[in-house]
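For reference, data-v7.cif is printed below; it contains mmCIF, C-alpha atoms.
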```cif
data_query
#
loop_
_atom_site.label_atom_id
_atom_site.label_comp_id
_atom_site.auth_asym_id
_atom_site.auth_seq_id
_atom_site.Cartn_x
_atom_site.Cartn_y
_atom_site.Cartn_z
CA GLU A 18 26.53 77.60 195.64
CA THR A 19 26.11 79.61 192.45
CA GLY A 20 22.65 81.01 193.21
CA VAL A 21 21.03 78.73 190.64
CA THR A 22 19.13 75.68 191.87
CA GLN A 23 17.72 72.77 189.91
CA THR A 24 15.23 70.07 190.88
CA PRO A 25 15.18 67.18 190.79
CA ARG A 26 18.87 66.32 190.81
CA HIS A 27 18.21 62.85 189.44
CA LEU A 28 15.27 61.59 187.38
CA VAL A 29 14.50 58.22 185.89
CA MET A 30 11.54 58.06 183.55
CA GLY A 31 9.95 55.76 181.02
CA MET A 32 9.41 56.77 177.42
CA THR A 33 5.69 57.33 177.98
CA ASN A 34 6.05 59.48 181.10
CA LYS A 35 5.64 63.24 181.36
CA LYS A 36 7.93 65.06 183.76
CA SER A 37 9.26 68.56 184.30
CA LEU A 38 12.65 69.93 185.28
CA LYS A 39 12.73 73.09 187.35
CA CYS A 40 15.35 75.81 187.57
CA GLU A 41 15.31 78.79 189.91
CA GLN A 42 17.81 81.62 190.11
CA HIS A 43 18.19 83.91 193.11
CA LEU A 44 20.52 86.39 191.42
CA GLY A 45 18.10 88.87 189.87
CA HIS A 46 19.27 87.91 186.39
CA ASN A 47 17.32 88.61 183.22
CA ALA A 48 18.48 85.72 181.03
CA MET A 49 18.15 81.98 181.58
CA TYR A 50 19.39 79.00 179.58
CA TRP A 51 18.89 75.25 179.20
CA TYR A 52 21.86 73.10 178.16
CA LYS A 53 22.20 69.39 177.45
CA GLN A 54 25.38 67.45 178.19
CA SER A 55 25.48 63.94 176.76
CA ALA A 56 28.24 61.48 177.55
CA LYS A 57 31.45 62.26 175.66
CA LYS A 58 29.89 65.21 173.81
CA PRO A 59 30.32 68.96 174.36
CA LEU A 60 27.64 70.95 176.09
CA GLU A 61 24.83 71.94 173.73
CA LEU A 62 22.61 74.96 174.09
CA MET A 63 18.91 74.11 173.95
CA PHE A 64 16.97 77.27 174.79
CA VAL A 65 17.62 80.86 175.80
CA TYR A 66 15.16 83.21 177.50
CA SER A 67 15.65 86.91 178.01
CA LEU A 68 13.11 88.82 180.10
CA GLU A 69 10.81 85.80 179.83
CA GLU A 70 10.90 85.83 176.01
CA ARG A 71 12.45 82.91 174.16
CA VAL A 72 15.30 84.25 172.02
CA GLU A 73 17.00 81.03 170.93
CA ASN A 74 15.65 77.61 170.09
CA ASN A 75 18.54 75.51 168.96
CA SER A 76 16.68 72.97 166.77
CA VAL A 77 15.46 71.04 169.78
CA PRO A 78 12.84 68.28 169.26
CA SER A 79 9.31 69.20 170.29
CA ARG A 80 9.31 66.53 173.01
CA PHE A 81 11.25 69.16 175.01
CA SER A 82 9.06 72.15 175.86
CA PRO A 83 10.46 75.09 177.83
CA GLU A 84 8.48 77.50 179.96
CA CYS A 85 9.62 80.72 181.61
CA PRO A 86 6.78 82.09 183.76
CA ASN A 87 8.96 84.83 185.26
CA SER A 88 12.59 85.90 185.22
CA SER A 89 13.47 83.73 188.23
CA HIS A 90 12.02 80.42 187.08
CA LEU A 91 12.60 78.20 184.08
CA PHE A 92 11.02 74.83 183.38
CA LEU A 93 11.73 72.11 180.87
CA HIS A 94 8.70 69.91 180.24
CA LEU A 95 9.50 66.43 178.99
CA HIS A 96 7.18 63.98 177.22
CA THR A 97 7.62 60.81 175.17
CA LEU A 98 11.40 60.98 175.48
CA GLN A 99 13.81 58.51 173.90
CA PRO A 100 16.67 56.65 175.59
CA GLU A 101 19.15 58.84 173.68
CA ASP A 102 17.74 61.83 175.59
CA SER A 103 19.45 60.50 178.71
CA ALA A 104 21.92 63.21 179.71
CA LEU A 105 22.79 65.88 182.24
CA TYR A 106 20.51 68.90 181.80
CA LEU A 107 22.01 72.13 183.04
CA CYS A 108 20.33 75.45 183.68
CA ALA A 109 22.22 78.73 183.74
CA SER A 110 21.44 82.40 184.17
CA SER A 111 23.18 85.68 183.40
CA GLN A 112 22.50 89.30 184.20
CA ASP A 113 21.81 89.95 180.53
CA LEU A 114 22.57 88.19 177.28
CA ARG A 115 26.35 88.14 176.60
CA ASP A 116 27.17 88.33 180.34
CA GLU A 117 28.94 85.70 182.42
CA GLN A 118 26.70 82.70 183.04
CA PHE A 119 26.09 81.02 186.38
CA PHE A 120 25.22 77.34 186.25
CA GLY A 121 23.00 75.15 188.36
CA PRO A 122 24.09 71.68 189.55
CA GLY A 123 22.18 69.92 186.79
CA THR A 124 19.55 67.20 186.59
CA ARG A 125 20.80 63.78 185.55
CA LEU A 126 18.06 62.26 183.45
CA THR A 127 17.81 58.59 182.54
CA VAL A 128 15.17 57.50 180.05
CA LEU A 129 14.39 53.79 180.12
CA LYS B 27 35.93 69.97 162.70
CA ASN B 28 34.48 71.58 165.82
CA GLU B 29 34.37 75.35 166.04
CA VAL B 30 36.14 75.10 169.42
CA GLU B 31 39.02 72.70 169.95
CA GLN B 32 40.78 72.04 173.25
CA SER B 33 44.06 70.33 173.95
CA PRO B 34 44.98 68.13 175.57
CA GLN B 35 41.82 66.06 176.09
CA ASN B 36 43.30 64.47 179.19
CA LEU B 37 46.12 65.68 181.41
CA THR B 38 47.63 64.04 184.47
CA ALA B 39 50.24 65.85 186.55
CA GLN B 40 51.83 65.84 189.98
CA GLU B 41 50.88 68.28 192.68
CA GLY B 42 52.79 71.52 192.32
CA GLU B 43 53.24 71.37 188.56
CA PHE B 44 52.42 74.28 186.25
CA ILE B 45 49.44 73.37 184.06
CA THR B 46 48.50 74.75 180.64
CA ILE B 47 45.28 73.96 178.77
CA ASN B 48 44.79 75.32 175.28
CA CYS B 49 41.73 76.40 173.32
CA SER B 50 41.55 77.28 169.62
CA TYR B 51 38.49 78.52 167.82
CA SER B 52 37.62 79.17 164.20
CA VAL B 53 34.79 81.72 164.38
CA GLY B 54 34.40 85.37 165.24
CA ILE B 55 33.67 85.76 168.92
CA SER B 56 32.44 88.40 171.31
CA ALA B 57 34.03 86.73 174.36
CA LEU B 58 35.66 83.51 175.50
CA HIS B 59 34.75 81.67 178.69
CA TRP B 60 36.68 79.18 180.79
CA LEU B 61 34.52 76.91 182.93
CA GLN B 62 35.29 74.24 185.52
CA GLN B 63 33.15 71.13 185.93
CA HIS B 64 33.63 68.87 188.94
CA PRO B 65 32.49 65.24 189.18
CA GLY B 66 28.72 65.30 189.76
CA GLY B 67 28.25 67.87 187.04
CA GLY B 68 28.21 71.33 188.61
CA ILE B 69 29.83 74.00 186.43
CA VAL B 70 31.58 77.12 187.70
CA SER B 71 32.55 80.04 185.51
CA LEU B 72 36.24 80.83 185.96
CA PHE B 73 36.86 83.60 183.44
CA MET B 74 35.15 85.59 180.75
CA LEU B 75 37.57 87.53 178.56
CA SER B 76 37.67 89.27 175.22
CA SER B 77 41.29 90.47 175.20
CA GLY B 78 44.56 90.24 177.07
CA LYS B 79 44.89 88.39 180.34
CA LYS B 80 43.00 87.82 183.58
CA LYS B 81 44.24 86.38 186.86
CA HIS B 82 42.33 84.95 189.80
CA GLY B 83 44.37 83.33 192.54
CA ARG B 84 46.43 80.54 190.98
CA LEU B 85 44.51 80.69 187.70
CA ILE B 86 45.53 82.78 184.71
CA ALA B 87 43.68 83.04 181.40
CA THR B 88 45.06 84.63 178.26
CA ILE B 89 43.58 85.24 174.85
CA ASN B 90 45.11 86.18 171.49
CA ILE B 91 42.31 87.42 169.26
CA GLN B 92 44.45 87.54 166.10
CA GLU B 93 45.53 83.93 166.51
CA LYS B 94 42.09 82.80 167.77
CA HIS B 95 43.70 81.08 170.73
CA SER B 96 43.35 81.08 174.50
CA SER B 97 45.22 79.36 177.31
CA LEU B 98 44.30 78.56 180.88
CA HIS B 99 47.21 78.22 183.28
CA ILE B 100 47.20 76.81 186.81
CA THR B 101 50.21 77.55 188.99
CA ALA B 102 51.18 75.33 191.95
CA SER B 103 48.53 72.77 191.02
CA HIS B 104 46.71 70.90 193.78
CA PRO B 105 44.59 67.72 193.80
CA ARG B 106 41.48 69.86 194.36
CA ASP B 107 42.10 71.37 190.90
CA SER B 108 41.18 67.98 189.41
CA ALA B 109 38.17 68.62 187.20
CA VAL B 110 37.10 69.04 183.59
CA TYR B 111 38.00 72.45 182.18
CA ILE B 112 35.80 73.69 179.37
CA CYS B 113 36.42 76.48 176.89
CA ALA B 114 33.37 78.16 175.38
CA VAL B 115 33.02 81.05 172.94
CA GLY B 116 30.21 83.54 172.53
CA LEU B 117 29.55 84.03 168.84
CA ILE B 118 29.44 87.52 167.38
CA GLN B 119 26.29 86.54 165.51
CA GLY B 120 23.63 85.69 168.06
CA ALA B 121 26.08 86.26 170.86
CA GLN B 122 23.79 84.78 173.48
CA LYS B 123 24.79 81.39 172.10
CA LEU B 124 27.84 79.74 173.62
CA VAL B 125 29.69 77.08 171.64
CA PHE B 126 31.63 74.67 173.82
CA GLY B 127 34.83 72.72 173.47
CA GLN B 128 34.88 69.07 174.40
CA GLY B 129 36.67 69.74 177.68
CA THR B 130 40.04 68.81 179.17
CA ARG B 131 40.01 66.30 182.01
CA LEU B 132 42.73 67.30 184.50
CA THR B 133 43.93 64.97 187.24
CA ILE B 134 46.43 66.21 189.81
CA ASN B 135 48.03 63.44 191.84
CA PRO B 136 49.34 64.15 195.36
#
```
Representation of the structure as structure tokens:
Amino acid sequence: ETGVTQTPRHLVMGMTNKKSLKCEQHLGHNAMYWYKQSAKKPLELMFVYSLEERVENNSVPSRFSPECPNSSHLFLHLHTLQPEDSALYLCASSQDLRDEQFFGPGTRLTVL
Amino acid sequence: KNEVEQSPQNLTAQEGEFITINCSYSVGISALHWLQQHPGGGIVSLFMLSSGKKKHGRLIATINIQEKHSSLHITASHPRDSAVYICAVGLIQGAQKLVFGQGTRLTINP
């Protein structure tokens, strides 16, 4: 257990659905991250939040919408996704930016 | 060419062997991370280093800033070490962004 939890662990959705991924960290960290890991590709950073402010948006399509209501919770809202968005979505947190990151177990998303 | 390159991509060894995984990068960095990813996806941070060498149990990580190169060593390897090992660098510019290598899949046979 790394202190970072993600729900759901698996999600199958159609292209017209709206769903949300949830991440919660129990470490008192100030920074939280969303990453995407597609098959046979390196991990890609999607979003970074520090003290609930978005500090990095790595050219992610608008069909992915992050939300950070407080420093312990991070959401990724999904709508009208494409099959190529099927991937493992990982959340991480760190005490502050530039510190060691602690990862959640990931949500494996399949878009039909 | 990726900013972070790992070698080898796949490595199979017998239990007890000494393992070395290499990482080269082409950008200025604030720190380098070694991560371990087990089947099922969970990632664990092994090391974060910006100079020299760190050791934790049977794992050793070294970095040479001048040569832009890092190595991860595993001594007395065990089947439970089987995983994907990922090198990632924190960029000097916008250092909250990590850039990842493609990973090295390690299999240790009993």
task = Name the residues that the PyMOL selection byres ((chain A) within 6 of (chain B)) picks from the file above, as a ChimeraX atom specification, using the file's chain letters and numbers.
result = /A:59-60,114-115,120,122
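Between CA of Ile134 in chain B and CA of Cys113 in chain B there is a distance of 19.3 Å.
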request  = Check which residues satisfy the PyMOL selection byres ((chain A and resi 45-54) around 10) in the file shown, then give them as JSON, numbers by chain.
outcome  = {"A": [20, 40, 41, 42, 43, 44, 55, 56, 57, 58, 59, 60, 61, 62, 63, 64, 65, 66, 67, 68, 69, 70, 71, 72, 73, 74, 83, 85, 87, 88, 89, 90, 91, 92, 93, 102, 103, 104, 105, 106, 107, 108, 109, 110, 111, 112, 113, 114, 115, 116, 118, 119, 120, 123, 124, 125], "B": [67, 122, 123]}
message = Show me, as a ChimeraX atom specification, the residues that have an atom within 9 Å of range 82-86 of chain B when counting all atoms listed in the file, minus same-chain residues fewer than 5 positions from it.
response = /B:72-73,97-103
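A straight line drawn from CA of Ser50 in chain B to CA of Gly121 in chain A is 26.5 Å long.
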request  = Determine the residue membership of the PyMOL selection byres ((chain B and resi 35) around 7) for the file above and supply it as number ranges by chain.
outcome  = B: 32-34, 36-37, 129-131
task = Could you tell me how far CA of Glu18 in chain A lies from CA of Leu38 in chain A, in Å and to one decimal?
result =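 Straight-line distance from CA of Glu18 in chain A to CA of Leu38 in chain A works out to 18.9 Å.
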request  = For each of A:Ser37, A:Asn75, A:Gln99, A:Met30, take the minimum atom-to-atom distance to Thr127 in chain A, counting all atoms listed in the file, then give the residue where this is smallest.
outcome  = A:Met30
Any chance you could work out the axis-aligned box around range 42-57 of chain B, listed atoms only, 4 Å on each side, giving centre and edge lengths in Å to one decimal, as JSON?
```
{"center_x": 42.8, "center_y": 79.9, "center_z": 178.3, "size_x": 28.8, "size_y": 25.0, "size_z": 36.1}
```
query = Which of these, A:His96, A:Glu101, A:Thr24, A:Val29, has the shortest distance to Ser82 in chain A once you count only C-alpha atoms?
reply =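 Counting only C-alpha atoms, the residue closest to Ser82 in chain A is A:His96.
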